[in-house]
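Student: Contents of entry02.txt (compact mmCIF, C-alpha atoms) are below:
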```txt
# COMPACT_ATOMS: atom_id res chain seq x y z
CA MET A 1 142.65 138.80 70.96
CA ASN A 2 139.28 138.47 69.28
CA LEU A 3 136.43 137.17 71.46
CA TRP A 4 135.72 134.43 68.91
CA ASP A 5 139.29 133.13 69.29
CA LEU A 6 138.35 131.88 72.78
CA GLY A 7 136.03 129.24 71.33
CA ASP A 8 132.68 128.01 72.62
CA ARG A 9 133.65 126.95 76.15
CA ILE A 10 135.18 129.87 78.03
CA CYS A 11 136.34 129.90 81.66
CA ILE A 12 136.58 133.18 83.56
CA LEU A 13 138.75 133.14 86.67
CA GLY A 14 139.63 135.87 89.12
CA PRO A 15 139.24 137.25 92.59
CA SER A 16 135.88 137.71 94.27
CA ASN A 17 134.12 140.86 93.10
CA SER A 18 136.31 141.32 90.03
CA GLY A 19 133.40 141.26 87.56
CA LYS A 20 133.49 137.62 86.45
CA SER A 21 129.70 137.17 86.40
CA THR A 22 129.08 140.47 84.62
CA LEU A 23 131.64 139.59 81.95
CA ALA A 24 130.25 136.04 81.61
CA ASP A 25 126.72 137.33 81.05
CA ALA A 26 127.91 139.88 78.48
CA ILE A 27 129.89 137.26 76.57
CA ALA A 28 126.95 134.83 76.76
CA ARG A 29 124.63 137.44 75.22
CA LYS A 30 127.10 138.38 72.49
CA ARG A 31 128.07 134.81 71.55
CA GLY A 32 124.85 132.92 72.32
CA LEU A 33 126.59 130.79 74.95
CA GLU A 34 125.06 129.37 78.11
CA PRO A 35 126.19 131.43 81.14
CA VAL A 36 127.18 129.23 84.09
CA HIS A 37 127.82 130.95 87.41
CA LEU A 38 129.69 128.53 89.67
CA ASP A 39 128.58 130.41 92.79
CA LEU A 40 125.01 129.34 91.96
CA LEU A 41 126.04 125.71 91.60
CA TYR A 42 128.13 125.75 94.77
CA HIS A 43 125.58 127.42 97.06
CA LEU A 44 122.07 126.34 97.97
CA PRO A 45 119.32 128.70 96.74
CA ASN A 46 117.21 130.58 99.27
CA THR A 47 120.02 130.53 101.86
CA ASP A 48 122.59 133.03 103.08
CA TRP A 49 125.25 131.51 100.78
CA GLU A 50 125.19 128.06 102.39
CA PRO A 51 127.37 125.59 100.45
CA ARG A 52 125.85 122.49 98.87
CA PRO A 53 127.20 119.09 99.78
CA ARG A 54 130.50 118.56 97.92
CA ASP A 55 129.30 115.62 95.81
CA GLU A 56 126.22 117.56 94.73
CA PHE A 57 128.34 120.53 93.62
CA ILE A 58 130.71 118.29 91.67
CA ALA A 59 127.79 116.59 89.90
CA LEU A 60 126.28 119.97 88.94
CA HIS A 61 129.68 121.28 87.84
CA ASP A 62 130.45 118.23 85.71
CA ALA A 63 127.00 118.32 84.09
CA ALA A 64 127.54 121.99 83.20
CA ILE A 65 130.96 121.44 81.62
CA ALA A 66 129.57 118.55 79.57
CA GLY A 67 127.68 121.11 77.49
CA GLU A 68 129.06 122.18 74.12
CA ARG A 69 128.67 125.98 74.40
CA TRP A 70 129.15 127.84 77.68
CA VAL A 71 130.92 130.65 79.45
CA MET A 72 131.62 129.76 83.08
CA ASP A 73 132.64 132.17 85.80
CA GLY A 74 134.16 131.20 89.10
CA ASN A 75 137.18 129.54 90.59
CA TYR A 76 136.38 126.53 92.83
CA SER A 77 139.63 124.66 92.40
CA ILE A 78 137.99 121.30 93.07
CA GLY A 79 136.60 121.42 89.53
CA MET A 80 139.43 123.17 87.71
CA PRO A 81 141.19 120.13 86.21
CA GLN A 82 138.12 118.78 84.45
CA ARG A 83 136.91 122.30 83.58
CA PHE A 84 140.22 123.20 81.93
CA ARG A 85 140.21 119.94 79.94
CA ARG A 86 136.86 120.97 78.40
CA ALA A 87 137.59 124.68 78.01
CA THR A 88 138.49 126.23 74.68
CA GLY A 89 139.50 129.61 76.12
CA LEU A 90 140.37 131.32 79.37
CA ILE A 91 140.01 134.83 80.73
CA LEU A 92 141.83 135.81 83.93
CA LEU A 93 140.62 138.91 85.75
CA ASP A 94 143.49 139.96 87.97
CA ILE A 95 142.34 143.17 89.65
CA SER A 96 143.90 144.44 92.86
CA THR A 97 142.75 143.53 96.35
CA PRO A 98 141.68 147.13 97.14
CA ALA A 99 139.58 147.19 93.95
CA SER A 100 137.93 143.88 94.92
CA LEU A 101 137.16 145.19 98.40
CA LEU A 102 135.66 148.41 97.05
CA ARG A 103 133.51 146.47 94.59
CA TYR A 104 132.40 144.13 97.40
CA PHE A 105 131.24 146.99 99.60
CA ARG A 106 129.51 148.74 96.68
CA ARG A 107 127.75 145.55 95.66
CA THR A 108 126.57 144.53 99.11
CA LEU A 109 125.54 147.99 100.26
CA PHE A 110 124.03 149.51 97.12
CA GLU A 111 123.04 146.86 94.57
CA LYS A 112 119.69 145.14 95.08
CA GLU A 113 120.13 142.67 92.21
CA ARG A 114 123.38 141.49 90.72
CA ARG A 115 124.53 139.11 88.04
CA GLY A 116 125.32 135.72 89.48
CA GLY A 117 123.38 136.52 92.66
CA LEU A 118 121.92 133.68 94.66
CA GLN A 119 118.19 133.07 94.14
CA GLY A 120 116.42 134.05 97.33
CA GLY A 121 119.73 135.05 98.88
CA ARG A 122 120.64 138.46 100.21
CA ASP A 123 124.08 139.99 99.99
CA SER A 124 125.33 141.62 103.15
CA VAL A 125 128.72 142.68 104.41
CA LYS A 126 130.32 139.67 106.08
CA TRP A 127 133.61 139.47 107.95
CA ASP A 128 134.35 136.07 106.34
CA MET A 129 134.09 137.59 102.88
CA ILE A 130 136.27 140.58 103.78
CA HIS A 131 138.87 138.14 105.16
CA HIS A 132 138.60 136.00 102.01
CA ILE A 133 139.20 138.99 99.73
CA ALA A 134 141.96 140.56 101.85
CA VAL A 135 143.86 137.44 102.99
CA THR A 136 142.97 134.36 100.92
CA THR A 137 142.63 135.97 97.49
CA PRO A 138 146.16 137.43 97.35
CA LYS A 139 147.55 133.93 97.95
CA ASN A 140 145.28 132.46 95.27
CA ARG A 141 146.23 135.22 92.81
CA GLU A 142 149.73 133.78 92.36
CA ARG A 143 148.32 130.28 91.89
CA TYR A 144 145.84 131.49 89.26
CA ARG A 145 148.56 133.38 87.39
CA ALA A 146 150.74 130.25 87.34
CA MET A 147 147.86 128.10 86.06
CA PHE A 148 147.06 130.74 83.47
CA GLU A 149 150.63 130.68 82.17
CA GLU A 150 150.77 126.87 82.02
CA LEU A 151 147.53 126.33 80.11
CA ALA A 152 147.90 125.98 76.37
CA LEU A 153 144.57 127.60 75.57
CA PRO A 154 143.70 130.86 73.88
CA LYS A 155 143.68 133.25 76.83
CA VAL A 156 143.36 136.85 77.90
CA GLN A 157 144.56 138.44 81.14
CA LEU A 158 142.85 141.64 82.29
CA SER A 159 144.80 143.18 85.17
CA SER A 160 142.82 146.31 86.02
CA LEU A 161 139.29 147.67 86.05
CA ARG A 162 140.32 149.88 83.13
CA ALA A 163 141.42 146.79 81.14
CA ILE A 164 138.09 145.11 81.85
CA LYS A 165 136.19 148.19 80.66
CA GLN A 166 138.37 148.30 77.54
CA CYS A 167 137.57 144.63 76.91
CA PHE A 168 133.84 145.46 76.97
CA ALA A 169 134.46 148.19 74.40
CA ASP A 170 136.81 146.15 72.18
CA TRP A 171 134.50 143.15 72.08
CA ASP A 172 131.37 145.32 71.80
CA LEU A 173 129.81 143.85 74.92
CA ALA A 174 126.89 146.08 75.84
CA ARG A 175 126.42 146.14 79.61
```
Starting from the file, give its structure as structure tokens.

Tutor:
Amino acid sequence: MNLWDLGDRICILGPSNSGKSTLADAIARKRGLEPVHLDLLYHLPNTDWEPRPRDEFIALHDAAIAGERWVMDGNYSIGMPQRFRRATGLILLDISTPASLLRYFRRTLFEKERRGGLQGGRDSVKWDMIHHIAVTTPKNRERYRAMFEELALPKVQLSSLRAIKQCFADWDLAR
């Protein structure tokens, strides 16, 4: 599929540490879309990933999807129905749990700055995140695949790190 076939409001879903934010930023640069990282809307800046109050997150989320041209990365099922109604295209990153865990450790141990990182926040290895990736994400993976299949939007599923790298090459997305 051609990147332009996904329209001007693209959702990127997938497990934690699958590359959603990196892909969103690359697509935003290539297409001139506004990148929206849901992690940044969900968490309070200058904290150790402390969640915002629910109503505040929903208000920020709904304001972001009201825009005409965006690429949004993140899951947060509380906002999926309204997000999918506005979306013109969908990308599902479906990498394996071991790959997500390896990327998590690499990111938290070796990367000082990262795309979609929390302003004033600091990534560190956390048991809750390891549990989320290893236990919660595999359960969500089936749910995301089912949603992906049901949605009548232009969509692309990338099921490996190799497929994601190939997508960057095919769509000429300079990193």

Student: Would you give me, as CSV, each residue of segment 57-93 of chain A having an atom within 10 Å of an atom of segment 132-145 of chain A, along with its shortest atom pair and that distance in Å to one decimal, using only C-alpha atoms and sorting by chain and residue number?

Tutor:
```
residue,atom,partner,partner_atom,distance
A:Asn75,CA,A:Tyr144,CA,9.0
A:Ser77,CA,A:Tyr144,CA,9.8
A:Leu92,CA,A:Tyr144,CA,7.9
A:Leu93,CA,A:Tyr144,CA,9.7
```

Student: Ranking A:Glu56, A:Arg31, A:Gln166, A:Trp49 by minimum distance to Asp128 of chain A and counting only C-alpha atoms, which one comes first?

Tutor: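 Among A:Glu56, A:Arg31, A:Gln166, A:Trp49, it is A:Trp49 that comes nearest to Asp128 of chain A.
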
Student: Using only C-alpha atoms, can you list as a list in words the residues within 12 Å of (134.6, 145.1, 75.1)?

Tutor: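 Residues with an atom at most 12 Å from (134.6, 145.1, 75.1): Met1, Asn2, Leu3, Thr22, Leu23, Ala24, Ala26, Ile27, Lys30, Leu158, Arg162, Ala163, Ile164, Lys165, Gln166, Cys167, Phe168, Ala169, Asp170, Trp171, Asp172, Leu173, Ala174 and Arg175 of chain A.
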
Student: Pick out the closest residue to Arg29 of chain A from this set: A:Val71, A:Met80, A:Ile91, A:Leu60. Count only C-alpha atoms.

Tutor: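 Checking each candidate against Arg29 of chain A, we get A:Val71 as the closest.
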
Student: Env of segment 95-107 of chain A: 6 Å cut, atoms = all atoms listed in the file, seq-sep filter 6 positions within chain, self excluded. Answer as a list in words.

Tutor: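 Result of the neighbour search: Asn17, Ser18, Ser159 and Ser160 of chain A.
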
Student: Which of these, A:Ala152, A:Leu13, A:Met147, A:Leu109, has the shortest distance to Asp123 of chain A once you count only C-alpha atoms?

Tutor: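 Ranking A:Ala152, A:Leu13, A:Met147, A:Leu109 by distance to Asp123 of chain A, first place goes to A:Leu109.
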
Student: Quote the spacing between atom CA of Gly89 of chain A and atom CA of Ile12 of chain A in Å to one decimal place.

Tutor: 8.8 Å

Student: Can you list, as a count of residues only, every protein, DNA or RNA residue that comes within 8 Å of segment 52-55 of chain A when you count only C-alpha atoms, leaving out same-chain residues fewer than 5 positions away?

Tutor: 4

Student: Atom CA of Gly79 of chain A and atom CA of Asp5 of chain A, how far apart in Å?

Tutor: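 Going from atom CA of Asp5 of chain A over to atom CA of Gly79 of chain A covers 23.5 Å.
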
Student: Do you know which residues are at most 9 Å from Gly7 of chain A counting only C-alpha atoms, after dropping those on the same chain fewer than 5 positions away, and could you put them as a list of chain:residue names?

Tutor: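 Everything that qualifies: A:Arg69, A:Ala87, A:Thr88, A:Gly89, A:Pro154.
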
Student: Rounded to one decimal place, report the atom CA of Phe148 of chain A-atom CA of Leu90 of chain A distance in Å.

Tutor: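 Rounded to one decimal, the two atoms are 7.9 Å apart.
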
Student: Which residue out of A:Asn46, A:Asp62, A:Leu6, A:Phe84 has the minimum interatomic distance to Glu150 of chain A when all atoms listed in the file are used?

Tutor: A:Phe84
